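What's in start.pdb: PDB, C-alpha atoms and all ligand atoms
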```
ATOM      1  CA  MET A  94      45.749  50.639   5.935  1.00  0.00           C
ATOM      2  CA  ILE A  95      44.098  51.837   9.110  1.00  0.00           C
ATOM      3  CA  PHE A  96      42.226  55.114   9.340  1.00  0.00           C
ATOM      4  CA  LEU A  97      40.958  57.100  12.293  1.00  0.00           C
ATOM      5  CA  LEU A  98      38.266  59.641  11.536  1.00  0.00           C
ATOM      6  CA  PHE A  99      37.582  62.480  13.948  1.00  0.00           C
ATOM      7  CA  GLY A 100      35.028  65.252  13.689  1.00  0.00           C
ATOM      8  CA  PRO A 101      32.651  67.097  15.985  1.00  0.00           C
ATOM      9  CA  PRO A 102      28.883  66.523  16.038  1.00  0.00           C
ATOM     10  CA  GLY A 103      27.417  68.061  12.889  1.00  0.00           C
ATOM     11  CA  SER A 104      30.697  67.874  10.927  1.00  0.00           C
ATOM     12  CA  GLY A 105      29.340  65.324   8.450  1.00  0.00           C
ATOM     13  CA  LYS A 106      31.687  62.655   9.808  1.00  0.00           C
ATOM     14  CA  GLY A 107      29.111  59.891   9.256  1.00  0.00           C
ATOM     15  CA  THR A 108      28.771  60.812   5.585  1.00  0.00           C
ATOM     16  CA  GLN A 109      32.541  60.906   5.033  1.00  0.00           C
ATOM     17  CA  SER A 110      32.946  57.611   6.878  1.00  0.00           C
ATOM     18  CA  ARG A 111      30.502  55.970   4.448  1.00  0.00           C
ATOM     19  CA  MET A 112      32.123  57.563   1.401  1.00  0.00           C
ATOM     20  CA  ILE A 113      35.647  56.528   2.409  1.00  0.00           C
ATOM     21  CA  THR A 114      34.754  52.965   3.350  1.00  0.00           C
ATOM     22  CA  ASN A 115      32.692  52.441   0.174  1.00  0.00           C
ATOM     23  CA  TRP A 116      35.585  53.733  -1.875  1.00  0.00           C
ATOM     24  CA  LEU A 117      38.230  51.587  -0.159  1.00  0.00           C
ATOM     25  CA  GLU A 118      35.930  48.601   0.463  1.00  0.00           C
ATOM     26  CA  ILE A 119      36.871  48.382   4.114  1.00  0.00           C
ATOM     27  CA  PRO A 120      34.588  48.265   7.180  1.00  0.00           C
ATOM     28  CA  SER A 121      33.755  51.296   9.279  1.00  0.00           C
ATOM     29  CA  ILE A 122      33.845  50.517  12.987  1.00  0.00           C
ATOM     30  CA  SER A 123      32.235  52.720  15.603  1.00  0.00           C
ATOM     31  CA  THR A 124      31.960  52.168  19.339  1.00  0.00           C
ATOM     32  CA  GLY A 125      28.176  52.385  19.111  1.00  0.00           C
ATOM     33  CA  ASP A 126      28.010  49.684  16.417  1.00  0.00           C
ATOM     34  CA  MET A 127      30.363  47.417  18.368  1.00  0.00           C
ATOM     35  CA  LEU A 128      28.291  47.801  21.534  1.00  0.00           C
ATOM     36  CA  ARG A 129      25.061  47.061  19.653  1.00  0.00           C
ATOM     37  CA  ALA A 130      26.528  44.019  17.906  1.00  0.00           C
ATOM     38  CA  GLU A 131      27.967  42.556  21.117  1.00  0.00           C
ATOM     39  CA  THR A 132      24.830  43.094  23.177  1.00  0.00           C
ATOM     40  CA  GLU A 133      22.633  41.658  20.402  1.00  0.00           C
ATOM     41  CA  ALA A 134      24.921  38.624  20.093  1.00  0.00           C
ATOM     42  CA  GLY A 135      24.721  38.233  23.891  1.00  0.00           C
ATOM     43  CA  SER A 136      28.496  37.704  24.123  1.00  0.00           C
ATOM     44  CA  GLU A 137      30.285  37.929  27.448  1.00  0.00           C
ATOM     45  CA  LEU A 138      31.479  41.460  26.657  1.00  0.00           C
ATOM     46  CA  GLY A 139      28.014  42.382  25.404  1.00  0.00           C
ATOM     47  CA  GLN A 140      26.363  41.194  28.592  1.00  0.00           C
ATOM     48  CA  ALA A 141      28.850  43.095  30.720  1.00  0.00           C
ATOM     49  CA  ALA A 142      28.194  46.260  28.701  1.00  0.00           C
ATOM     50  CA  LYS A 143      24.437  45.756  28.894  1.00  0.00           C
ATOM     51  CA  SER A 144      24.395  45.551  32.674  1.00  0.00           C
ATOM     52  CA  ILE A 145      26.538  48.710  32.953  1.00  0.00           C
ATOM     53  CA  MET A 146      24.223  50.622  30.599  1.00  0.00           C
ATOM     54  CA  ALA A 147      21.108  49.286  32.341  1.00  0.00           C
ATOM     55  CA  GLY A 148      22.480  50.794  35.559  1.00  0.00           C
ATOM     56  CA  GLY A 149      22.801  54.137  33.772  1.00  0.00           C
ATOM     57  CA  GLY A 150      26.618  53.912  33.634  1.00  0.00           C
ATOM     58  CA  LEU A 151      29.029  54.572  30.794  1.00  0.00           C
ATOM     59  CA  VAL A 152      30.864  51.611  29.353  1.00  0.00           C
ATOM     60  CA  GLY A 153      34.494  52.069  30.372  1.00  0.00           C
ATOM     61  CA  ASP A 154      37.665  52.062  28.275  1.00  0.00           C
ATOM     62  CA  ASP A 155      38.658  48.512  29.196  1.00  0.00           C
ATOM     63  CA  LEU A 156      35.480  46.961  27.874  1.00  0.00           C
ATOM     64  CA  VAL A 157      35.465  49.061  24.699  1.00  0.00           C
ATOM     65  CA  ASN A 158      39.143  48.212  24.116  1.00  0.00           C
ATOM     66  CA  LYS A 159      38.438  44.492  24.417  1.00  0.00           C
ATOM     67  CA  MET A 160      35.581  44.782  21.944  1.00  0.00           C
ATOM     68  CA  LEU A 161      37.814  46.635  19.537  1.00  0.00           C
ATOM     69  CA  ALA A 162      40.592  44.041  19.809  1.00  0.00           C
ATOM     70  CA  GLN A 163      38.085  41.325  18.877  1.00  0.00           C
ATOM     71  CA  ARG A 164      36.411  43.344  16.161  1.00  0.00           C
ATOM     72  CA  ILE A 165      39.609  44.078  14.236  1.00  0.00           C
ATOM     73  CA  SER A 166      40.551  40.401  14.325  1.00  0.00           C
ATOM     74  CA  ARG A 167      37.669  39.585  11.990  1.00  0.00           C
ATOM     75  CA  PRO A 168      38.449  38.659   8.392  1.00  0.00           C
ATOM     76  CA  ASP A 169      36.751  41.753   6.958  1.00  0.00           C
ATOM     77  CA  CYS A 170      39.464  43.888   8.577  1.00  0.00           C
ATOM     78  CA  GLN A 171      42.333  42.172   6.790  1.00  0.00           C
ATOM     79  CA  ARG A 172      42.593  44.834   4.099  1.00  0.00           C
ATOM     80  CA  GLY A 173      42.257  47.638   6.619  1.00  0.00           C
ATOM     81  CA  PHE A 174      39.510  49.428   8.469  1.00  0.00           C
ATOM     82  CA  LEU A 175      38.287  52.828   9.524  1.00  0.00           C
ATOM     83  CA  LEU A 176      37.599  53.667  13.151  1.00  0.00           C
ATOM     84  CA  ASP A 177      34.848  56.227  13.573  1.00  0.00           C
ATOM     85  CA  GLY A 178      34.728  57.840  17.001  1.00  0.00           C
ATOM     86  CA  TYR A 179      37.381  55.560  18.497  1.00  0.00           C
ATOM     87  CA  PRO A 180      39.703  56.259  20.307  1.00  0.00           C
ATOM     88  CA  ARG A 181      37.680  58.645  22.458  1.00  0.00           C
ATOM     89  CA  THR A 182      40.242  58.930  25.236  1.00  0.00           C
ATOM     90  CA  VAL A 183      44.024  58.987  25.500  1.00  0.00           C
ATOM     91  CA  GLN A 184      43.850  55.676  27.342  1.00  0.00           C
ATOM     92  CA  GLN A 185      42.082  54.150  24.319  1.00  0.00           C
ATOM     93  CA  ALA A 186      44.632  55.739  21.972  1.00  0.00           C
ATOM     94  CA  GLU A 187      47.510  54.220  23.927  1.00  0.00           C
ATOM     95  CA  PHE A 188      45.778  50.859  23.941  1.00  0.00           C
ATOM     96  CA  LEU A 189      45.325  51.064  20.172  1.00  0.00           C
ATOM     97  CA  ASP A 190      49.024  51.932  19.646  1.00  0.00           C
ATOM     98  CA  GLN A 191      50.026  48.890  21.619  1.00  0.00           C
ATOM     99  CA  LEU A 192      47.486  46.600  19.977  1.00  0.00           C
ATOM    100  CA  LEU A 193      48.565  47.576  16.463  1.00  0.00           C
ATOM    101  CA  ALA A 194      52.237  47.195  17.383  1.00  0.00           C
ATOM    102  CA  GLU A 195      51.655  43.744  18.917  1.00  0.00           C
ATOM    103  CA  ARG A 196      49.888  42.573  15.782  1.00  0.00           C
ATOM    104  CA  GLY A 197      52.460  44.060  13.441  1.00  0.00           C
ATOM    105  CA  LEU A 198      49.855  46.380  11.935  1.00  0.00           C
ATOM    106  CA  PRO A 199      50.759  49.784  10.490  1.00  0.00           C
ATOM    107  CA  LYS A 200      50.304  53.042  12.357  1.00  0.00           C
ATOM    108  CA  PRO A 201      46.957  54.661  11.622  1.00  0.00           C
ATOM    109  CA  VAL A 202      46.337  57.560   9.287  1.00  0.00           C
ATOM    110  CA  VAL A 203      44.447  60.216  11.219  1.00  0.00           C
ATOM    111  CA  LEU A 204      41.823  62.336   9.445  1.00  0.00           C
ATOM    112  CA  HIS A 205      40.405  65.232  11.402  1.00  0.00           C
ATOM    113  CA  LEU A 206      37.362  67.057  10.029  1.00  0.00           C
ATOM    114  CA  ASP A 207      37.718  70.505  11.426  1.00  0.00           C
ATOM    115  CA  VAL A 208      34.695  72.789  11.378  1.00  0.00           C
ATOM    116  CA  PRO A 209      34.478  76.198  13.100  1.00  0.00           C
ATOM    117  CA  VAL A 210      32.068  76.103  16.038  1.00  0.00           C
ATOM    118  CA  ASP A 211      29.828  78.824  14.559  1.00  0.00           C
ATOM    119  CA  ALA A 212      29.382  76.842  11.349  1.00  0.00           C
ATOM    120  CA  LEU A 213      28.506  73.701  13.344  1.00  0.00           C
ATOM    121  CA  VAL A 214      25.978  75.538  15.460  1.00  0.00           C
ATOM    122  CA  GLY A 215      24.452  77.149  12.371  1.00  0.00           C
ATOM    123  CA  ARG A 216      24.144  73.803  10.623  1.00  0.00           C
ATOM    124  CA  MET A 217      22.624  71.962  13.527  1.00  0.00           C
ATOM    125  CA  THR A 218      20.230  74.637  14.725  1.00  0.00           C
ATOM    126  CA  SER A 219      18.808  74.990  11.206  1.00  0.00           C
ATOM    127  CA  ARG A 220      17.463  71.431  11.316  1.00  0.00           C
ATOM    128  CA  ARG A 221      13.710  70.996  11.609  1.00  0.00           C
ATOM    129  CA  GLN A 222      11.704  67.823  11.961  1.00  0.00           C
ATOM    130  CA  CYS A 223       8.148  66.899  11.082  1.00  0.00           C
ATOM    131  CA  PRO A 224       6.487  65.550  14.242  1.00  0.00           C
ATOM    132  CA  ALA A 225       4.020  63.538  12.133  1.00  0.00           C
ATOM    133  CA  CYS A 226       6.286  61.599   9.755  1.00  0.00           C
ATOM    134  CA  GLY A 227       9.761  62.214  11.199  1.00  0.00           C
ATOM    135  CA  ARG A 228      11.187  63.747   8.023  1.00  0.00           C
ATOM    136  CA  ILE A 229      14.199  66.016   8.641  1.00  0.00           C
ATOM    137  CA  TYR A 230      14.635  69.335   6.852  1.00  0.00           C
ATOM    138  CA  ASN A 231      17.465  71.803   6.928  1.00  0.00           C
ATOM    139  CA  LEU A 232      16.551  75.435   6.462  1.00  0.00           C
ATOM    140  CA  LEU A 233      19.971  76.106   4.894  1.00  0.00           C
ATOM    141  CA  HIS A 234      20.048  73.481   2.167  1.00  0.00           C
ATOM    142  CA  GLN A 235      16.926  71.287   2.273  1.00  0.00           C
ATOM    143  CA  PRO A 236      14.100  73.630   3.238  1.00  0.00           C
ATOM    144  CA  PRO A 237      10.434  72.591   3.010  1.00  0.00           C
ATOM    145  CA  LYS A 238       8.518  73.939  -0.002  1.00  0.00           C
ATOM    146  CA  LYS A 239       6.208  75.981   2.229  1.00  0.00           C
ATOM    147  CA  PRO A 240       8.028  77.665   5.143  1.00  0.00           C
ATOM    148  CA  GLY A 241       7.504  75.890   8.448  1.00  0.00           C
ATOM    149  CA  VAL A 242       5.386  72.961   7.267  1.00  0.00           C
ATOM    150  CA  CYS A 243       6.125  69.424   6.074  1.00  0.00           C
ATOM    151  CA  ASP A 244       5.933  68.798   2.300  1.00  0.00           C
ATOM    152  CA  ASP A 245       4.309  65.413   2.845  1.00  0.00           C
ATOM    153  CA  ASP A 246       1.600  66.077   5.415  1.00  0.00           C
ATOM    154  CA  ASP A 247       1.448  69.832   6.155  1.00  0.00           C
ATOM    155  CA  ALA A 248       2.331  69.283   9.827  1.00  0.00           C
ATOM    156  CA  GLN A 249       4.068  72.197  11.593  1.00  0.00           C
ATOM    157  CA  LEU A 250       7.836  71.527  11.730  1.00  0.00           C
ATOM    158  CA  VAL A 251       9.608  71.571  15.093  1.00  0.00           C
ATOM    159  CA  THR A 252      13.177  71.946  16.358  1.00  0.00           C
ATOM    160  CA  ARG A 253      14.287  68.766  18.097  1.00  0.00           C
ATOM    161  CA  LYS A 254      15.676  69.179  21.577  1.00  0.00           C
ATOM    162  CA  ASP A 255      19.061  67.906  20.338  1.00  0.00           C
ATOM    163  CA  ASP A 256      19.203  70.711  17.781  1.00  0.00           C
ATOM    164  CA  GLN A 257      18.563  73.602  20.155  1.00  0.00           C
ATOM    165  CA  GLU A 258      21.424  76.051  20.357  1.00  0.00           C
ATOM    166  CA  GLU A 259      22.397  75.527  23.988  1.00  0.00           C
ATOM    167  CA  VAL A 260      22.250  71.740  23.658  1.00  0.00           C
ATOM    168  CA  VAL A 261      24.320  71.859  20.468  1.00  0.00           C
ATOM    169  CA  LYS A 262      26.940  74.141  22.026  1.00  0.00           C
ATOM    170  CA  ASP A 263      27.132  71.887  25.034  1.00  0.00           C
ATOM    171  CA  ARG A 264      27.683  68.794  22.886  1.00  0.00           C
ATOM    172  CA  ILE A 265      30.426  70.549  20.934  1.00  0.00           C
ATOM    173  CA  ARG A 266      32.143  71.695  24.131  1.00  0.00           C
ATOM    174  CA  THR A 267      32.028  68.162  25.527  1.00  0.00           C
ATOM    175  CA  TYR A 268      33.426  66.775  22.282  1.00  0.00           C
ATOM    176  CA  GLU A 269      36.291  69.282  22.217  1.00  0.00           C
ATOM    177  CA  LYS A 270      37.208  68.702  25.821  1.00  0.00           C
ATOM    178  CA  LEU A 271      37.323  64.945  25.278  1.00  0.00           C
ATOM    179  CA  THR A 272      38.919  64.931  21.861  1.00  0.00           C
ATOM    180  CA  ARG A 273      41.610  67.607  22.076  1.00  0.00           C
ATOM    181  CA  PRO A 274      44.004  65.447  24.139  1.00  0.00           C
ATOM    182  CA  VAL A 275      43.402  62.491  21.784  1.00  0.00           C
ATOM    183  CA  LEU A 276      44.215  64.624  18.743  1.00  0.00           C
ATOM    184  CA  SER A 277      47.395  65.911  20.392  1.00  0.00           C
ATOM    185  CA  HIS A 278      48.366  62.293  20.947  1.00  0.00           C
ATOM    186  CA  TYR A 279      48.397  61.845  17.154  1.00  0.00           C
ATOM    187  CA  GLN A 280      49.837  65.223  16.170  1.00  0.00           C
ATOM    188  CA  ASP A 281      53.270  63.856  15.285  1.00  0.00           C
ATOM    189  CA  ARG A 282      51.918  60.969  13.170  1.00  0.00           C
ATOM    190  CA  LYS A 283      50.258  60.832   9.797  1.00  0.00           C
ATOM    191  CA  TYR A 284      47.787  63.495  10.835  1.00  0.00           C
ATOM    192  CA  TYR A 285      45.684  65.381   8.342  1.00  0.00           C
ATOM    193  CA  GLN A 286      43.374  68.221   9.163  1.00  0.00           C
ATOM    194  CA  ILE A 287      40.574  68.573   6.640  1.00  0.00           C
ATOM    195  CA  ARG A 288      38.388  71.659   6.499  1.00  0.00           C
ATOM    196  CA  GLY A 289      34.871  70.425   7.067  1.00  0.00           C
ATOM    197  CA  ASP A 290      32.831  73.570   6.455  1.00  0.00           C
ATOM    198  CA  ARG A 291      32.210  72.720   2.796  1.00  0.00           C
ATOM    199  CA  SER A 292      30.015  70.363   0.800  1.00  0.00           C
ATOM    200  CA  PRO A 293      30.349  66.602   1.406  1.00  0.00           C
ATOM    201  CA  ALA A 294      31.580  66.059  -2.189  1.00  0.00           C
ATOM    202  CA  TYR A 295      34.278  68.714  -1.795  1.00  0.00           C
ATOM    203  CA  ILE A 296      35.428  67.337   1.554  1.00  0.00           C
ATOM    204  CA  PHE A 297      35.598  63.829   0.132  1.00  0.00           C
ATOM    205  CA  GLU A 298      37.657  65.098  -2.772  1.00  0.00           C
ATOM    206  CA  GLU A 299      40.158  66.596  -0.347  1.00  0.00           C
ATOM    207  CA  ILE A 300      40.302  63.349   1.626  1.00  0.00           C
ATOM    208  CA  THR A 301      40.946  61.248  -1.475  1.00  0.00           C
ATOM    209  CA  GLY A 302      43.610  63.777  -2.498  1.00  0.00           C
ATOM    210  CA  VAL A 303      45.372  63.104   0.808  1.00  0.00           C
ATOM    211  CA  LEU A 304      44.882  59.345   0.732  1.00  0.00           C
ATOM    212  CA  GLU A 305      45.699  58.472  -2.885  1.00  0.00           C
ATOM    213  CA  PRO A 306      49.470  59.088  -2.563  1.00  0.00           C
ATOM    214  CA  LEU A 307      49.539  57.160   0.739  1.00  0.00           C
ATOM    215  CA  LEU A 308      47.669  54.237  -0.810  1.00  0.00           C
ATOM    216  CA  ALA A 309      50.024  54.247  -3.780  1.00  0.00           C
ATOM    217  CA  GLN A 310      53.050  54.183  -1.450  1.00  0.00           C
ATOM    218  CA  ASN A 311      51.562  51.197   0.316  1.00  0.00           C
ATOM    219  CA  GLY A 312      50.899  49.389  -2.936  1.00  0.00           C
ATOM    220  CA  CYS A 313      47.171  49.320  -2.363  1.00  0.00           C
ATOM    221  CA  GLY A 314      46.050  51.765  -5.002  1.00  0.00           C
ATOM    222  CA  ARG A 315      42.354  52.202  -5.560  1.00  0.00           C
ATOM    223  CA  PRO A 316      40.590  53.369  -8.704  1.00  0.00           C
ATOM    224  CA  LYS A 317      40.800  57.125  -9.067  1.00  0.00           C
ATOM    225  CA  VAL A 318      37.760  58.884  -7.759  1.00  0.00           C
ATOM    226  CA  LYS A 319      35.833  60.918 -10.251  1.00  0.00           C
ATOM    227  CA  ARG A 320      36.495  64.510  -9.307  1.00  0.00           C
ATOM    228  CA  ALA A 321      33.587  66.725  -8.397  1.00  0.00           C
ATOM    229  CA  ASN A 322      33.862  70.268  -9.701  1.00  0.00           C
TER     230      ASN A 322
HETATM  231 ZN    ZN A 401       5.688  65.050   7.665  1.00  0.00          ZN
END
```
Would you mind writing the structure in this file as structure tokens?
Amino acid sequence: MIFLLFGPPGSGKGTQSRMITNWLEIPSISTGDMLRAETEAGSELGQAAKSIMAGGGLVGDDLVNKMLAQRISRPDCQRGFLLDGYPRTVQQAEFLDQLLAERGLPKPVVLHLDVPVDALVGRMTSRRQCPACGRIYNLLHQPPKKPGVCDDDDAQLVTRKDDQEEVVKDRIRTYEKLTRPVLSHYQDRKYYQIRGDRSPAYIFEEITGVLEPLLAQNGCGRPKVKRAN
């Protein structure tokens, strides 16, 4: 089966992506990983992407789509795969529809981690980093032992630029503007909205609750996940 995972910055999408793909033993594919792999391998697509990025440009849909078409042809994708952060645009979504249809692959199952903006902002602006060792703390659920200083080296913790409220709000706005049309594209498919303002274990439990019946229908049942309480 094929899964698309959507979620705003700070929604814990990366964590859920790892949990789902470990559980189902399928690869997780993100645009960033594909770009890195292609540029490191020095492939034709990788070189094209590299020269665009070196010029300060954004790699366009066509190039990303080509990389995706190649990536999902690999043997590790035979049992399915999860796309994390792709498609980012309606053009990419339409390309993916066509690609899957051409290859006789099933329509994707869309998982959308939905987190209220206030909760996202709260989560992200409560992050602090140690400038000396790089360790990340979160004042909400992983605070340092002594307020404001690193447990390991007593350095004064700082807020990273990325975690400042205005920057965070801006990133969320950009995400929503980009993603809303993509999500509407999938609204009439197998589309599941998952509330993301809870613990990672709880969110994963809800996801497996949605996926287990679908997997059973498709005859690719996985071992039951131990329920967290
Ligand atoms: Zn430190």
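Nearest to A:Pro274 of all the residues A:Met112, A:Ala186, A:Leu98, A:Met160 is A:Ala186, based on only C-alpha atoms.
Considering all atoms listed in the file, the residue among A:Leu307, A:Val210, A:Ala248, A:Leu189 positioned nearest to ligand ZN 401 (chain A) is A:Ala248.
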Query raised in the report: How would you write, as a list of chain:residue names, the residues chosen by the PyMOL selection byres (((chain A and resi 124-132) around 10) and not hetatm) on this structure?
Result: A:Ser121, A:Ile122, A:Ser123, A:Glu133, A:Ala134, A:Gly135, A:Ser136, A:Glu137, A:Leu138, A:Gly139, A:Gln140, A:Ala141, A:Ala142, A:Lys143, A:Ser144, A:Val152, A:Leu156, A:Val157, A:Asn158, A:Met160, A:Leu161, A:Gln163, A:Arg164, A:Leu176, A:Asp177, A:Gly178, A:Tyr179, A:Pro180, A:Arg181
**Report entry** Nearby polymer residues, ligand ZN 401 (chain A), at most 8 Å, all atoms listed in the file, as JSON, numbers by chain
**Finding:** {"A": [222, 223, 224, 225, 226, 227, 228, 242, 243, 244, 245, 246, 247, 248, 250]}
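The gap separating atom CA of A:Lys106 from atom CA of A:Met217 is 13.5 Å, in Å to one decimal.
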**Report entry** Residues matched by the PyMOL selection byres (((chain A and resi 262) around 10) and not hetatm), written as a PyMOL selection string
**Finding:** chain A and resi 102+210-211+213-214+217-218+256-261+263-268
Query raised in the report: Rounded to one decimal in Å, what is the spacing between atom CA of A:Ile300 and atom CA of A:Asn231?
Result: 24.9 Å
I'd like the box whose edges run along x, y and z of the file and which contains every listed atom of stretch 137-154 of chain A, padded by 3 Å per side; could you state its centre and edge lengths in Å, one decimal, as AutoDock Vina command-line options?
```
--center_x 29.4 --center_y 46.3 --center_z 30.5 --size_x 22.6 --size_y 22.6 --size_z 16.2
```
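Shell of A:Tyr279 at 10 Å, with all atoms listed in the file counted and residues fewer than 3 places along the chain excluded, is A:Val183, A:Ala186, A:Pro201, A:Val202, A:Val203, A:Pro274, A:Val275, A:Leu276, A:Arg282, A:Lys283, A:Tyr284, A:Tyr285.
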With all atoms listed in the file as the counted atoms, please give the residues lying no more than 12 Å from A:Leu198, apart from itself and same-chain residues fewer than 6 positions off, as a CSV table (one decimal) with C-alpha atoms, in the frame of the given file.
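Wrote selection-v6.csv, looks like this:
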```csv
chain,number,residue,atom,x,y,z
A,94,MET,CA,45.7,50.6,5.9
A,95,ILE,CA,44.1,51.8,9.1
A,96,PHE,CA,42.2,55.1,9.3
A,165,ILE,CA,39.6,44.1,14.2
A,166,SER,CA,40.6,40.4,14.3
A,170,CYS,CA,39.5,43.9,8.6
A,171,GLN,CA,42.3,42.2,6.8
A,172,ARG,CA,42.6,44.8,4.1
A,173,GLY,CA,42.3,47.6,6.6
A,174,PHE,CA,39.5,49.4,8.5
A,189,LEU,CA,45.3,51.1,20.2
A,190,ASP,CA,49.0,51.9,19.6
A,191,GLN,CA,50.0,48.9,21.6
A,192,LEU,CA,47.5,46.6,20.0
```
